[in-house]
Amino acid sequence: MPLSEQEQRLLEEMERSLYQNDSDFVARVTRRQGRPSYTSITLGVLGALAGVAVVILGLVFRQPLIGILGFVVMLAGVLFALRPGMRAPKAKPARAPRSAGGGSARPSASGGGSFMERMNERWDKRNDPDQ
């Protein structure tokens, strides 16, 4: 079911407010969404294979310390392969385009207060056509 124009404007305003008020959170969330680095995957797989080889050597020579060292190398290789790719830091996140009505995310003189208070007022106005 598509959103009405008022719901779309409200959603756009909430998104703009999120970008303005909690930019650190937005930066953390968008940073984690990267393409995998094929170099780190390749090096991680090679490290894991080297760890398996060291574990086998530990079994052949019956040396538990060598086996434990091999397991640590294998685990480090797997973790290195699974880490998120490094991306160049972005500038500021793109902001949503303003609607044709030119609505502002700033509180008006009559509707001041916090963001949540303004949202509650709008919800009440929407549900009560007499206002």
# chains A, B, ... in the order shown; residues from 1 in each chain; ligands from 1
>>> residues_around(residues="Met14 of chain A", least_positions_apart="3", cutoff="9 Å", atoms="only C-alpha atoms", output="PDB file with N, CA, C and O atoms, in the first residue's frame")
ATOM      1  N   ARG A   9       5.946  13.083   3.366  1.00  0.00           N
ATOM      2  CA  ARG A   9       6.589  14.283   3.894  1.00  0.00           C
ATOM      3  C   ARG A   9       7.052  14.061   5.328  1.00  0.00           C
ATOM      4  O   ARG A   9       8.154  14.466   5.710  1.00  0.00           O
ATOM      5  N   LEU A  10       6.220  13.402   6.136  1.00  0.00           N
ATOM      6  CA  LEU A  10       6.583  13.120   7.521  1.00  0.00           C
ATOM      7  C   LEU A  10       7.808  12.208   7.582  1.00  0.00           C
ATOM      8  O   LEU A  10       8.740  12.443   8.364  1.00  0.00           O
ATOM      9  N   LEU A  11       7.842  11.201   6.730  1.00  0.00           N
ATOM     10  CA  LEU A  11       8.977  10.286   6.683  1.00  0.00           C
ATOM     11  C   LEU A  11      10.244  11.009   6.238  1.00  0.00           C
ATOM     12  O   LEU A  11      11.319  10.812   6.821  1.00  0.00           O
ATOM     13  N   SER A  17      15.836  14.809  10.049  1.00  0.00           N
ATOM     14  CA  SER A  17      16.128  15.031  11.460  1.00  0.00           C
ATOM     15  C   SER A  17      17.144  14.013  11.970  1.00  0.00           C
ATOM     16  O   SER A  17      18.034  14.353  12.744  1.00  0.00           O
ATOM     17  N   LEU A  18      17.024  12.765  11.524  1.00  0.00           N
ATOM     18  CA  LEU A  18      17.988  11.743  11.924  1.00  0.00           C
ATOM     19  C   LEU A  18      19.376  12.105  11.423  1.00  0.00           C
ATOM     20  O   LEU A  18      20.349  12.020  12.164  1.00  0.00           O
ATOM     21  N   TYR A  19      19.489  12.523  10.164  1.00  0.00           N
ATOM     22  CA  TYR A  19      20.789  12.909   9.626  1.00  0.00           C
ATOM     23  C   TYR A  19      21.374  14.097  10.371  1.00  0.00           C
ATOM     24  O   TYR A  19      22.571  14.173  10.594  1.00  0.00           O
ATOM     25  N   ALA A 105      12.512  21.322   8.620  1.00  0.00           N
ATOM     26  CA  ALA A 105      12.636  20.414   9.753  1.00  0.00           C
ATOM     27  C   ALA A 105      12.711  21.175  11.067  1.00  0.00           C
ATOM     28  O   ALA A 105      12.698  20.590  12.129  1.00  0.00           O
ATOM     29  N   PHE A 115      11.476  17.093  18.966  1.00  0.00           N
ATOM     30  CA  PHE A 115      11.068  16.413  17.739  1.00  0.00           C
ATOM     31  C   PHE A 115       9.872  15.495  17.998  1.00  0.00           C
ATOM     32  O   PHE A 115       8.903  15.481  17.241  1.00  0.00           O
ATOM     33  N   MET A 119       6.046  15.541  16.468  1.00  0.00           N
ATOM     34  CA  MET A 119       5.459  14.386  15.771  1.00  0.00           C
ATOM     35  C   MET A 119       4.124  13.995  16.404  1.00  0.00           C
ATOM     36  O   MET A 119       3.158  13.671  15.708  1.00  0.00           O
TER      37      MET A 119
END
>>> residues_around(residues="Leu69 of chain A", least_positions_apart="6", cutoff="9 Å", atoms="only C-alpha atoms", output="list of chain:residue names")
A:Gly51, A:Val54, A:Val55, A:Gly58
>>> write_last_selection(atoms="all heavy atoms", output="CSV table (one decimal), in the first residue's frame")
chain,number,residue,atom,x,y,z
A,51,GLY,N,47.3,-22.4,9.0
A,51,GLY,CA,47.0,-22.8,10.3
A,51,GLY,C,46.6,-24.3,10.3
A,51,GLY,O,47.0,-25.0,11.3
A,54,VAL,N,49.8,-26.2,10.2
A,54,VAL,CA,50.5,-26.3,11.4
A,54,VAL,C,49.8,-27.2,12.4
A,54,VAL,O,50.5,-27.9,13.2
A,54,VAL,CB,50.6,-24.8,12.0
A,54,VAL,CG1,51.2,-24.8,13.4
A,54,VAL,CG2,51.5,-24.0,11.1
A,55,VAL,N,48.5,-27.3,12.4
A,55,VAL,CA,47.8,-28.2,13.3
A,55,VAL,C,48.1,-29.6,12.9
A,55,VAL,O,48.4,-30.5,13.8
A,55,VAL,CB,46.2,-28.0,13.2
A,55,VAL,CG1,45.5,-29.1,13.8
A,55,VAL,CG2,45.8,-26.7,13.8
A,58,GLY,N,51.5,-30.4,14.2
A,58,GLY,CA,51.4,-30.6,15.7
A,58,GLY,C,50.9,-32.0,16.0
A,58,GLY,O,51.4,-32.6,16.9
>>> residues_around(residues="Ala48 of chain A", least_positions_apart="6", cutoff="6 Å", atoms="only C-alpha atoms", output="list in words")
Met74, Gly77 and Val78 of chain A
>>> write_last_selection(atoms="all heavy atoms", output="tab-separated table (two decimals), in the first residue's frame")
chain	number	residue	atom	x	y	z
A	74	MET	N	44.92	-20.40	12.33
A	74	MET	CA	43.75	-20.70	11.51
A	74	MET	C	42.59	-19.77	11.88
A	74	MET	O	41.93	-19.21	11.01
A	74	MET	CB	43.34	-22.17	11.72
A	74	MET	CG	42.19	-22.62	10.88
A	74	MET	SD	41.83	-24.38	11.04
A	74	MET	CE	41.73	-24.59	12.80
A	77	GLY	N	43.21	-16.29	10.58
A	77	GLY	CA	42.99	-16.23	9.13
A	77	GLY	C	41.51	-16.13	8.78
A	77	GLY	O	41.12	-15.33	7.92
A	78	VAL	N	40.69	-16.91	9.46
A	78	VAL	CA	39.25	-16.86	9.20
A	78	VAL	C	38.68	-15.50	9.59
A	78	VAL	O	37.90	-14.90	8.85
A	78	VAL	CB	38.53	-18.01	9.95
A	78	VAL	CG1	37.03	-17.83	9.92
A	78	VAL	CG2	38.91	-19.35	9.35
